[in-house]
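protein-v6.pdb (PDB, C-alpha atoms and all ligand atoms) appears below.
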MODEL        1
ATOM      1  CA  PHE A   1      20.475  -3.863  32.144
ATOM      2  CA  SER A   2      16.837  -4.717  32.050
ATOM      3  CA  ALA A   3      15.107  -2.666  34.689
ATOM      4  CA  THR A   4      13.364  -4.648  37.372
ATOM      5  CA  THR A   5       9.742  -3.635  37.268
ATOM      6  CA  PRO A   6       8.763  -2.190  40.633
ATOM      7  CA  TYR A   7       6.429  -4.725  42.136
ATOM      8  CA  THR A   8       4.597  -3.933  45.304
ATOM      9  CA  THR A   9       3.617  -7.186  46.824
ATOM     10  CA  LEU A  10      -0.042  -7.235  47.659
ATOM     11  CA  PRO A  11      -1.394  -8.728  50.888
ATOM     12  CA  SER A  12      -2.864 -12.166  50.549
ATOM     13  CA  VAL A  13      -5.820 -14.208  51.703
ATOM     14  CA  LEU A  14      -5.382 -17.968  51.844
ATOM     15  CA  LEU A  15      -8.094 -20.430  50.860
ATOM     16  CA  ILE A  16      -7.660 -23.555  52.932
ATOM     17  CA  GLY A  17      -9.791 -26.565  53.835
ATOM     18  CA  PRO A  18     -10.451 -30.203  52.970
ATOM     19  CA  SER A  19     -10.536 -31.593  49.458
ATOM     20  CA  GLY A  20     -13.803 -31.098  47.620
ATOM     21  CA  ALA A  21     -15.051 -28.273  49.852
ATOM     22  CA  GLY A  22     -15.102 -25.761  46.998
ATOM     23  CA  LYS A  23     -11.937 -23.672  47.344
ATOM     24  CA  THR A  24     -11.072 -23.686  43.656
ATOM     25  CA  ALA A  25     -14.716 -23.133  42.735
ATOM     26  CA  LEU A  26     -14.807 -20.082  45.022
ATOM     27  CA  LEU A  27     -11.572 -18.683  43.631
ATOM     28  CA  THR A  28     -12.962 -19.074  40.129
ATOM     29  CA  LEU A  29     -16.206 -17.353  41.106
ATOM     30  CA  PHE A  30     -14.379 -14.365  42.604
ATOM     31  CA  GLU A  31     -12.095 -14.194  39.609
ATOM     32  CA  ARG A  32     -14.836 -14.352  37.012
ATOM     33  CA  GLY A  33     -17.605 -12.518  38.757
ATOM     34  CA  PRO A  34     -21.195 -13.278  39.708
ATOM     35  CA  LEU A  35     -22.195 -14.261  36.206
ATOM     36  CA  TYR A  36     -19.944 -17.274  36.342
ATOM     37  CA  THR A  37     -22.052 -20.391  35.700
ATOM     38  CA  PRO A  38     -19.858 -23.474  35.543
ATOM     39  CA  ASP A  39     -22.734 -25.843  34.930
ATOM     40  CA  GLN A  40     -23.781 -24.153  31.728
ATOM     41  CA  PRO A  41     -24.144 -26.797  29.047
ATOM     42  CA  THR A  42     -21.462 -26.275  26.442
ATOM     43  CA  SER A  43     -22.736 -26.388  22.896
ATOM     44  CA  ALA A  44     -21.465 -29.297  20.843
ATOM     45  CA  ASP A  45     -19.881 -27.166  18.132
ATOM     46  CA  LYS A  46     -18.051 -25.024  20.669
ATOM     47  CA  PRO A  47     -15.765 -27.000  22.919
ATOM     48  CA  SER A  48     -15.134 -25.442  26.314
ATOM     49  CA  VAL A  49     -11.538 -24.431  25.621
ATOM     50  CA  SER A  50     -12.302 -20.870  26.675
ATOM     51  CA  THR A  51     -13.072 -21.979  30.230
ATOM     52  CA  PRO A  52      -9.953 -23.768  31.441
ATOM     53  CA  VAL A  53     -10.735 -23.556  35.154
ATOM     54  CA  ALA A  54     -14.506 -23.828  35.034
ATOM     55  CA  ARG A  55     -14.429 -27.537  35.740
ATOM     56  CA  THR A  56     -12.623 -27.975  38.998
ATOM     57  CA  HIS A  57     -10.631 -31.009  39.874
ATOM     58  CA  THR A  58      -8.527 -31.938  42.845
ATOM     59  CA  SER A  59      -5.874 -29.275  43.122
ATOM     60  CA  GLN A  60      -2.260 -30.411  43.054
ATOM     61  CA  VAL A  61      -0.504 -27.090  43.446
ATOM     62  CA  PRO A  62      -1.455 -23.736  44.979
ATOM     63  CA  SER A  63      -2.675 -21.103  42.539
ATOM     64  CA  THR A  64      -3.129 -17.377  42.939
ATOM     65  CA  VAL A  65      -5.337 -14.678  41.458
ATOM     66  CA  GLU A  66      -5.193 -10.917  41.933
ATOM     67  CA  LEU A  67      -8.483  -9.337  43.019
ATOM     68  CA  ALA A  68      -9.714  -5.934  44.119
ATOM     69  CA  VAL A  69     -12.305  -5.194  46.742
ATOM     70  CA  SER A  70     -13.981  -1.828  46.679
ATOM     71  CA  PRO A  71     -15.510  -0.290  49.813
ATOM     72  CA  ASP A  72     -18.450   1.173  47.925
ATOM     73  CA  SER A  73     -19.427  -2.072  46.299
ATOM     74  CA  THR A  74     -21.203  -4.816  48.188
ATOM     75  CA  THR A  75     -20.531  -7.564  45.707
ATOM     76  CA  PHE A  76     -17.390  -8.859  44.072
ATOM     77  CA  ARG A  77     -16.351  -7.641  40.688
ATOM     78  CA  THR A  78     -13.952  -8.922  38.126
ATOM     79  CA  ASP A  79     -12.662  -5.769  36.513
ATOM     80  CA  LEU A  80      -9.709  -4.550  38.562
ATOM     81  CA  ASP A  81      -9.552  -1.198  36.754
ATOM     82  CA  ALA A  82     -13.274  -0.569  37.022
ATOM     83  CA  ALA A  83     -13.065  -1.224  40.741
ATOM     84  CA  GLY A  84     -11.778   2.326  41.134
ATOM     85  CA  ALA A  85      -9.004   4.053  42.992
ATOM     86  CA  THR A  86     -10.416   3.248  46.418
ATOM     87  CA  ALA A  87     -10.305  -0.473  45.739
ATOM     88  CA  LYS A  88      -7.919  -2.569  47.752
ATOM     89  CA  LYS A  89      -6.033  -5.128  45.775
ATOM     90  CA  PHE A  90      -5.054  -8.451  47.240
ATOM     91  CA  LEU A  91      -4.006 -11.927  46.243
ATOM     92  CA  LEU A  92      -6.335 -14.844  46.766
ATOM     93  CA  VAL A  93      -4.315 -18.023  47.123
ATOM     94  CA  ASP A  94      -5.884 -21.422  46.570
ATOM     95  CA  THR A  95      -4.304 -24.442  48.251
ATOM     96  CA  PRO A  96      -4.799 -28.176  47.709
ATOM     97  CA  GLY A  97      -6.897 -29.873  50.388
ATOM     98  CA  HIS A  98      -5.546 -33.375  49.968
ATOM     99  CA  PRO A  99      -3.962 -34.476  53.271
ATOM    100  CA  LYS A 100      -0.628 -35.222  51.567
ATOM    101  CA  LEU A 101      -0.478 -31.767  50.000
ATOM    102  CA  ARG A 102      -1.355 -29.657  53.059
ATOM    103  CA  GLY A 103       2.083 -29.311  54.562
ATOM    104  CA  HIS A 104       3.032 -26.283  52.521
ATOM    105  CA  ALA A 105      -0.059 -24.284  53.460
ATOM    106  CA  LEU A 106       0.229 -25.229  57.140
ATOM    107  CA  SER A 107       3.929 -24.454  57.375
ATOM    108  CA  GLN A 108       3.243 -20.887  56.297
ATOM    109  CA  LEU A 109       0.897 -20.230  59.209
ATOM    110  CA  SER A 110       3.091 -20.640  62.263
ATOM    111  CA  ALA A 111       5.694 -17.973  61.486
ATOM    112  CA  SER A 112       5.303 -14.842  63.603
ATOM    113  CA  SER A 113       4.965 -12.715  60.501
ATOM    114  CA  PRO A 114       3.416 -15.153  58.085
ATOM    115  CA  THR A 115       4.227 -14.588  54.486
ATOM    116  CA  ILE A 116       3.142 -16.697  51.624
ATOM    117  CA  THR A 117       4.851 -17.211  48.351
ATOM    118  CA  PRO A 118       2.222 -16.962  45.649
ATOM    119  CA  SER A 119       3.724 -19.468  43.289
ATOM    120  CA  THR A 120       1.905 -18.624  40.100
ATOM    121  CA  ILE A 121       2.591 -14.911  40.428
ATOM    122  CA  SER A 122       6.305 -15.392  40.920
ATOM    123  CA  ALA A 123       6.366 -17.772  37.990
ATOM    124  CA  THR A 124       6.278 -14.744  35.697
ATOM    125  CA  SER A 125       9.327 -13.280  37.366
ATOM    126  CA  SER A 126      12.595 -14.687  38.580
ATOM    127  CA  GLU A 127      12.127 -13.021  41.934
ATOM    128  CA  THR A 128      10.252 -14.612  44.763
ATOM    129  CA  HIS A 129       7.712 -12.209  46.139
ATOM    130  CA  LYS A 130       6.648 -12.668  49.702
ATOM    131  CA  SER A 131       3.176 -11.530  50.485
ATOM    132  CA  LYS A 132       1.790 -10.696  53.925
ATOM    133  CA  LEU A 133      -0.950 -13.059  55.025
ATOM    134  CA  LYS A 134      -4.023 -11.053  56.072
ATOM    135  CA  ALA A 135      -6.748 -13.631  56.553
ATOM    136  CA  LEU A 136      -7.697 -17.254  56.134
ATOM    137  CA  VAL A 137     -10.838 -18.616  54.550
ATOM    138  CA  PHE A 138     -11.378 -22.191  55.680
ATOM    139  CA  VAL A 139     -13.882 -23.664  53.223
ATOM    140  CA  THR A 140     -16.118 -26.537  54.351
ATOM    141  CA  ASP A 141     -18.753 -28.615  52.578
ATOM    142  CA  ALA A 142     -21.874 -28.093  54.706
ATOM    143  CA  ALA A 143     -23.708 -30.864  52.850
ATOM    144  CA  ALA A 144     -20.978 -33.426  53.540
ATOM    145  CA  LEU A 145     -20.864 -32.283  57.173
ATOM    146  CA  ALA A 146     -24.554 -33.137  57.469
ATOM    147  CA  ASP A 147     -23.925 -36.761  56.505
ATOM    148  CA  PRO A 148     -22.689 -38.710  59.542
ATOM    149  CA  ASP A 149     -21.524 -41.622  57.376
ATOM    150  CA  SER A 150     -19.281 -39.514  55.146
ATOM    151  CA  GLY A 151     -16.574 -38.989  57.737
ATOM    152  CA  ALA A 152     -16.456 -35.374  56.576
ATOM    153  CA  LEU A 153     -16.994 -33.911  60.041
ATOM    154  CA  ALA A 154     -13.991 -35.724  61.531
ATOM    155  CA  ALA A 155     -11.816 -35.010  58.487
ATOM    156  CA  THR A 156     -12.778 -31.328  58.348
ATOM    157  CA  ALA A 157     -12.308 -30.789  62.080
ATOM    158  CA  GLU A 158      -8.952 -32.556  61.980
ATOM    159  CA  TYR A 159      -7.663 -30.083  59.404
ATOM    160  CA  LEU A 160      -9.250 -27.103  61.145
ATOM    161  CA  TYR A 161      -7.589 -28.193  64.394
ATOM    162  CA  GLU A 162      -4.195 -28.108  62.667
ATOM    163  CA  VAL A 163      -4.876 -24.687  61.187
ATOM    164  CA  LEU A 164      -6.079 -23.113  64.434
ATOM    165  CA  LEU A 165      -3.290 -24.727  66.431
ATOM    166  CA  ALA A 166      -0.728 -23.307  64.006
ATOM    167  CA  LEU A 167      -2.192 -19.824  64.519
ATOM    168  CA  GLN A 168      -2.257 -20.342  68.293
ATOM    169  CA  ARG A 169       1.427 -21.393  68.276
ATOM    170  CA  ARG A 170       2.193 -18.371  66.171
ATOM    171  CA  PHE A 171       0.744 -16.144  68.876
ATOM    172  CA  HIS A 172       3.184 -17.664  71.368
ATOM    173  CA  SER A 173       6.100 -17.289  68.982
ATOM    174  CA  ARG A 174       6.109 -13.520  69.484
ATOM    175  CA  SER A 175       9.485 -11.878  69.332
ATOM    176  CA  GLY A 176      10.009  -9.545  72.262
ATOM    177  CA  SER A 177       6.931  -7.651  73.390
ATOM    178  CA  ARG A 178       5.448  -7.280  69.942
ATOM    179  CA  ALA A 179       2.488  -9.537  69.360
ATOM    180  CA  PRO A 180       2.328 -10.961  65.845
ATOM    181  CA  ALA A 181      -0.305  -9.432  63.578
ATOM    182  CA  SER A 182      -3.494 -11.383  63.971
ATOM    183  CA  VAL A 183      -4.791 -13.570  61.173
ATOM    184  CA  PRO A 184      -8.585 -13.862  61.334
ATOM    185  CA  VAL A 185     -10.312 -17.021  60.124
ATOM    186  CA  LEU A 186     -13.545 -17.231  58.174
ATOM    187  CA  VAL A 187     -15.100 -20.687  58.225
ATOM    188  CA  ALA A 188     -17.124 -20.670  55.001
ATOM    189  CA  ALA A 189     -20.011 -23.139  55.270
ATOM    190  CA  ASN A 190     -20.263 -23.793  51.543
ATOM    191  CA  LYS A 191     -22.830 -25.581  49.352
ATOM    192  CA  LEU A 192     -25.867 -24.123  51.101
ATOM    193  CA  ASP A 193     -27.663 -24.442  47.756
ATOM    194  CA  LEU A 194     -28.056 -28.127  48.600
ATOM    195  CA  PHE A 195     -31.118 -28.774  50.725
ATOM    196  CA  THR A 196     -29.241 -31.374  52.757
ATOM    197  CA  ALA A 197     -26.610 -28.834  53.840
ATOM    198  CA  LEU A 198     -26.314 -27.844  57.491
ATOM    199  CA  PRO A 199     -27.054 -24.187  58.226
ATOM    200  CA  ALA A 200     -24.058 -22.155  59.370
ATOM    201  CA  ALA A 201     -25.073 -22.247  63.046
ATOM    202  CA  LEU A 202     -25.051 -26.046  62.995
ATOM    203  CA  VAL A 203     -21.798 -26.182  61.053
ATOM    204  CA  LYS A 204     -20.366 -24.082  63.871
ATOM    205  CA  SER A 205     -21.675 -26.226  66.722
ATOM    206  CA  HIS A 206     -20.829 -29.509  64.987
ATOM    207  CA  LEU A 207     -17.270 -28.344  64.362
ATOM    208  CA  GLU A 208     -16.894 -27.080  67.921
ATOM    209  CA  GLY A 209     -18.122 -30.437  69.190
ATOM    210  CA  GLU A 210     -15.717 -32.355  66.997
ATOM    211  CA  LEU A 211     -12.802 -30.064  67.883
ATOM    212  CA  THR A 212     -13.616 -30.745  71.552
ATOM    213  CA  ARG A 213     -13.449 -34.479  70.883
ATOM    214  CA  ILE A 214     -10.128 -34.195  69.027
ATOM    215  CA  ARG A 215      -8.690 -32.028  71.778
ATOM    216  CA  LYS A 216      -9.632 -34.580  74.444
ATOM    217  CA  ALA A 217      -8.318 -37.500  72.423
ATOM    218  CA  ARG A 218      -5.031 -35.735  71.731
ATOM    219  CA  SER A 219      -4.497 -34.712  75.335
ATOM    220  CA  LYS A 220      -4.953 -38.328  76.430
ATOM    221  CA  GLY A 221      -2.569 -39.504  73.734
ATOM    222  CA  LEU A 222       0.044 -36.974  74.732
ATOM    223  CA  LEU A 223      -0.328 -37.796  78.409
ATOM    224  CA  SER A 224       0.070 -41.508  77.890
ATOM    225  CA  THR A 225       3.195 -41.189  75.742
ATOM    226  CA  GLU A 226       4.773 -38.738  78.129
ATOM    227  CA  GLU A 227       3.569 -40.633  81.192
ATOM    228  CA  GLY A 228       1.471 -37.746  82.371
ATOM    229  CA  GLU A 229       4.264 -36.022  84.220
ATOM    230  CA  GLY A 230       4.341 -32.363  85.127
ATOM    231  CA  GLU A 231       1.578 -30.243  86.576
ATOM    232  CA  GLY A 232      -1.104 -31.915  84.561
ATOM    233  CA  ALA A 233       0.044 -29.995  81.536
ATOM    234  CA  VAL A 234      -0.623 -31.455  78.138
ATOM    235  CA  GLY A 235       2.512 -32.473  76.289
ATOM    236  CA  GLY A 236       4.986 -30.933  78.703
ATOM    237  CA  GLU A 237       4.810 -27.254  77.764
ATOM    238  CA  GLU A 238       1.701 -25.671  79.169
ATOM    239  CA  GLY A 239      -1.129 -26.577  76.879
ATOM    240  CA  GLU A 240       0.990 -27.304  73.851
ATOM    241  CA  GLY A 241      -1.154 -29.234  71.420
ATOM    242  CA  TRP A 242      -4.213 -28.182  73.372
ATOM    243  CA  LEU A 243      -6.407 -25.962  71.258
ATOM    244  CA  GLY A 244      -8.046 -22.946  72.857
ATOM    245  CA  ALA A 245      -8.420 -22.002  76.503
ATOM    246  CA  TYR A 246      -6.775 -24.482  78.803
ATOM    247  CA  GLY A 247      -9.067 -26.516  81.007
ATOM    248  CA  THR A 248     -12.414 -25.740  79.403
ATOM    249  CA  GLU A 249     -14.740 -28.688  78.978
ATOM    250  CA  ARG A 250     -16.141 -27.796  75.568
ATOM    251  CA  PHE A 251     -14.159 -26.000  72.889
ATOM    252  CA  SER A 252     -15.664 -22.837  71.476
ATOM    253  CA  PHE A 253     -14.301 -20.679  68.663
ATOM    254  CA  LYS A 254     -14.482 -17.702  71.039
ATOM    255  CA  GLU A 255     -11.599 -19.203  73.001
ATOM    256  CA  MET A 256      -9.324 -18.441  70.082
ATOM    257  CA  MET A 257      -9.622 -14.730  70.926
ATOM    258  CA  GLU A 258      -7.219 -15.485  73.777
ATOM    259  CA  PHE A 259      -4.639 -15.904  71.034
ATOM    260  CA  ASP A 260      -5.929 -12.949  69.037
ATOM    261  CA  VAL A 261      -7.512 -15.266  66.457
ATOM    262  CA  GLU A 262     -10.995 -14.241  65.397
ATOM    263  CA  VAL A 263     -13.078 -17.128  64.011
ATOM    264  CA  GLU A 264     -16.383 -16.549  62.282
ATOM    265  CA  VAL A 265     -18.654 -19.124  60.616
ATOM    266  CA  VAL A 266     -20.667 -17.790  57.674
ATOM    267  CA  GLY A 267     -22.831 -19.771  55.256
ATOM    268  CA  GLY A 268     -22.959 -19.400  51.498
ATOM    269  CA  ASN A 269     -22.657 -21.138  48.162
ATOM    270  CA  VAL A 270     -20.633 -20.943  44.974
ATOM    271  CA  LEU A 271     -23.100 -22.791  42.752
ATOM    272  CA  GLY A 272     -26.876 -22.870  42.573
ATOM    273  CA  GLU A 273     -29.464 -20.861  44.446
ATOM    274  CA  GLY A 274     -28.739 -19.604  47.925
ATOM    275  CA  PRO A 275     -27.138 -16.827  49.943
ATOM    276  CA  GLY A 276     -24.204 -16.768  47.492
ATOM    277  CA  ALA A 277     -20.705 -15.583  48.285
ATOM    278  CA  ASP A 278     -21.255 -11.876  48.990
ATOM    279  CA  LYS A 279     -20.907 -12.193  52.756
ATOM    280  CA  TRP A 280     -17.564 -13.954  52.344
ATOM    281  CA  TRP A 281     -16.411 -11.316  49.897
ATOM    282  CA  ASN A 282     -17.369  -8.545  52.314
ATOM    283  CA  TRP A 283     -15.639 -10.325  55.198
ATOM    284  CA  ILE A 284     -12.464 -10.466  53.116
ATOM    285  CA  GLY A 285     -12.871  -6.838  52.075
ATOM    286  CA  GLU A 286     -12.975  -5.715  55.699
ATOM    287  CA  ARG A 287      -9.725  -7.525  56.461
ATOM    288  CA  VAL A 288      -7.369  -6.900  53.553
TER
HETATM  289  P1  LIG B 301      -9.291 -29.679  46.403
HETATM  290  O1  LIG B 301      -8.692 -28.946  45.291
HETATM  291  O2  LIG B 301      -9.267 -31.167  46.218
HETATM  292  O3  LIG B 301      -8.712 -29.308  47.745
HETATM  293  O4  LIG B 301     -10.873 -29.316  46.470
HETATM  294  P2  LIG B 301     -11.546 -27.871  46.382
HETATM  295  O5  LIG B 301     -11.831 -27.389  47.758
HETATM  296  O6  LIG B 301     -10.761 -26.975  45.511
HETATM  297  O7  LIG B 301     -12.959 -28.213  45.712
HETATM  298  P3  LIG B 301     -13.507 -27.749  44.293
HETATM  299  O8  LIG B 301     -13.552 -26.273  44.211
HETATM  300  O9  LIG B 301     -12.751 -28.490  43.258
HETATM  301  O10 LIG B 301     -15.012 -28.264  44.383
HETATM  302  C1  LIG B 301     -15.332 -29.625  44.578
HETATM  303  C2  LIG B 301     -16.690 -29.893  44.006
HETATM  304  O11 LIG B 301     -17.708 -29.208  44.740
HETATM  305  C3  LIG B 301     -16.833 -29.454  42.548
HETATM  306  O12 LIG B 301     -17.537 -30.441  41.854
HETATM  307  C4  LIG B 301     -17.637 -28.180  42.643
HETATM  308  O13 LIG B 301     -18.404 -27.942  41.499
HETATM  309  C5  LIG B 301     -18.519 -28.469  43.853
HETATM  310  N1  LIG B 301     -18.987 -27.241  44.519
HETATM  311  C6  LIG B 301     -18.225 -26.194  44.918
HETATM  312  N2  LIG B 301     -18.991 -25.246  45.479
HETATM  313  C7  LIG B 301     -20.263 -25.697  45.457
HETATM  314  C8  LIG B 301     -21.520 -25.153  45.911
HETATM  315  O14 LIG B 301     -21.638 -24.058  46.448
HETATM  316  N3  LIG B 301     -22.608 -25.949  45.724
HETATM  317  C9  LIG B 301     -22.553 -27.166  45.126
HETATM  318  N4  LIG B 301     -23.688 -27.832  44.989
HETATM  319  N5  LIG B 301     -21.392 -27.699  44.689
HETATM  320  C10 LIG B 301     -20.260 -26.978  44.853
HETATM  321 MG    MG B 302      -9.005 -27.149  44.519
ENDMDL
END
Would it be possible to restate this file's structure as structure tokens?
Ligand code: GTP
Ligand code: MG
Amino acid sequence: FSATTPYTTLPSVLLIGPSGAGKTALLTLFERGPLYTPDQPTSADKPSVSTPVARTHTSQVPSTVELAVSPDSTTFRTDLDAAGATAKKFLLVDTPGHPKLRGHALSQLSASSPTITPSTISATSSETHKSKLKALVFVTDAAALADPDSGALAATAEYLYEVLLALQRRFHSRSGSRAPASVPVLVAANKLDLFTALPAALVKSHLEGELTRIRKARSKGLLSTEEGEGEGAVGGEEGEGWLGAYGTERFSFKEMMEFDVEVEVVGGNVLGEGPGADKWWNWIGERV
């Protein structure tokens, strides 16, 4: 009987966010290290077969890489063995941002003990390994958010609303007196190498403003379909569908602390010159 290799399932961090924000680019950067330069011109006599994921394209399926974060290193590294004994290993899971492909990622968030099934890892084994979800990185395109005609702000906030609402619902789905383990959210304001990109502080306030607008619009929609009955509650159950603290005029990410969901907005970039991805890496390292 072929022995089943003992496999300790590592905790996971989920990359989520709209299409084109840079999730796959970020995963590739963390996997390959800081020297990764996807825009390097490939010489004519050497086709780029050695770099299968360097050119990103719209993701169709989730993919997973195993990484290690070391407490005595401030930047990400590729070599898992060189990372040392103190390094914490985790799985970074990329998800597709296309609206029709989001259901899988979202459905994994509401469970009281969210586990994710890292598809590409389990592909090597017949077993399905469930990994404990430790944190979410919601990647946004700060340059697209700066362009009012792109529709990116509305589209990004719409997805973020779904993600945060799923985590909020999860908080309420506690079994007994035990609160579910919290899943912190990093909103990565990506593409800060582009001079048109919004700085992180503006990404934060723009998103909060748009989430406020969505919240208002949804509460009106819910009230009109349910004829506004009850004690002024949105959608019957108290505040169901209402993101954040009930009754506040303007949504703020701080409100999510009521549901034990920490949200932080941090700027960076995968390509080009800028603050880079170190702060995101460190954020992840503190939470896995
Ligand atoms: P989906 O798979 O469709 O959900 O998108 P994604 O979030 O995985 O986006 P992806 O990583 O494929 O990146 C989309 C595009 O943005 C690619 O052309 C990347 O090269 C580009 N990109 C990613 N990060 C940066 C960045 O920091 N700066 C700039 N200028 N471009 C970036
Ligand atoms: Mg992708």
Output of the PyMOL selection byres (((not hetatm)) within 6 of (chain B and resi 301)), listed as a list of chain:residue names: A:Pro18, A:Ser19, A:Gly20, A:Ala21, A:Gly22, A:Lys23, A:Thr24, A:Ala25, A:Thr56, A:His57, A:Thr58, A:Ser59, A:Pro96, A:Gly97, A:His98, A:Asn190, A:Lys191, A:Asp193, A:Leu194, A:Asn269, A:Val270, A:Leu271
Would you export the selected residues with C-alpha atoms as a tab-separated table (two decimals), in the frame of the given file, please?
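Produced file result.tsv, reproduced below:
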chain	number	residue	atom	x	y	z
A	18	PRO	CA	-10.45	-30.20	52.97
A	19	SER	CA	-10.54	-31.59	49.46
A	20	GLY	CA	-13.80	-31.10	47.62
A	21	ALA	CA	-15.05	-28.27	49.85
A	22	GLY	CA	-15.10	-25.76	47.00
A	23	LYS	CA	-11.94	-23.67	47.34
A	24	THR	CA	-11.07	-23.69	43.66
A	25	ALA	CA	-14.72	-23.13	42.74
A	56	THR	CA	-12.62	-27.98	39.00
A	57	HIS	CA	-10.63	-31.01	39.87
A	58	THR	CA	-8.53	-31.94	42.84
A	59	SER	CA	-5.87	-29.28	43.12
A	96	PRO	CA	-4.80	-28.18	47.71
A	97	GLY	CA	-6.90	-29.87	50.39
A	98	HIS	CA	-5.55	-33.38	49.97
A	190	ASN	CA	-20.26	-23.79	51.54
A	191	LYS	CA	-22.83	-25.58	49.35
A	193	ASP	CA	-27.66	-24.44	47.76
A	194	LEU	CA	-28.06	-28.13	48.60
A	269	ASN	CA	-22.66	-21.14	48.16
A	270	VAL	CA	-20.63	-20.94	44.97
A	271	LEU	CA	-23.10	-22.79	42.75
Nearest residue to ligand MG 302 (chain B) from the set A:Ala144, A:Leu136, A:Leu198, A:Leu27 (distances using only C-alpha atoms and all ligand atoms):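 Between A:Ala144, A:Leu136, A:Leu198, A:Leu27, the residue approaching ligand MG 302 (chain B) most closely is A:Leu27.
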A:Pro148, A:Pro11, A:Gly17, A:Gly274 ranked by distance to ligand MG 302 (chain B), top pick (using all atoms listed in the file):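 Of A:Pro148, A:Pro11, A:Gly17, A:Gly274, the one nearest ligand MG 302 (chain B), counting all atoms listed in the file, is A:Gly17.
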Protein and nucleic acid residues near (-6.6, -21.2, 65.8) (cut-off 8 Å, only C-alpha atoms) as an NGL selection string: :A and (160-168 or 185 or 243-244 or 256 or 259 or 261 or 263)
Which of A:Ala189, A:Ile16, A:Ala157, A:Ala181 sits closest to Leu207 in chain A [using all atoms listed in the file]: A:Ala157
Counting all atoms listed in the file, the option among A:Leu106, A:Val69, A:Ala200, A:Leu101 closest to ligand MG 302 (chain B): A:Leu101
Pairwise distance for CA of Asp260 in chain A and CA of Ser173 in chain A, rounded to one decimal in Å: 12.8 Å
The PyMOL selection byres (((chain A and resi 211) around 8) and not hetatm) applied to the shown file, residues as a ChimeraX atom specification: /A:157-158,161,207-210,212-215,251
Can you write just those residues out, C-alpha atoms, as a CSV table (one decimal), in the frame of the given file?
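As a result, part.csv now contains:
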chain,number,residue,atom,x,y,z
A,157,ALA,CA,-12.3,-30.8,62.1
A,158,GLU,CA,-9.0,-32.6,62.0
A,161,TYR,CA,-7.6,-28.2,64.4
A,207,LEU,CA,-17.3,-28.3,64.4
A,208,GLU,CA,-16.9,-27.1,67.9
A,209,GLY,CA,-18.1,-30.4,69.2
A,210,GLU,CA,-15.7,-32.4,67.0
A,212,THR,CA,-13.6,-30.7,71.6
A,213,ARG,CA,-13.4,-34.5,70.9
A,214,ILE,CA,-10.1,-34.2,69.0
A,215,ARG,CA,-8.7,-32.0,71.8
A,251,PHE,CA,-14.2,-26.0,72.9
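Distance check against Ala155 in chain A using all atoms listed in the file: of A:Glu262, A:Ala87, A:Pro99, A:Phe171, the minimum falls on A:Pro99.
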Residues within 9 Å of range 278-281 of chain A, all atoms listed in the file, excluding chain neighbours under 3 positions, as number ranges by chain: A: 30, 69, 74-76, 137, 186, 188, 266-268, 275, 284-286
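Of the residues under consideration (A:Leu153, A:Lys216, A:Glu273, A:Val265), A:Lys216 shows the shortest atom-to-atom contact distance to Arg250 in chain A when counting only C-alpha atoms.
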Between CA of Leu10 in chain A and CA of Val288 in chain A - distance in Å to one decimal: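 The value is 9.4 Å.
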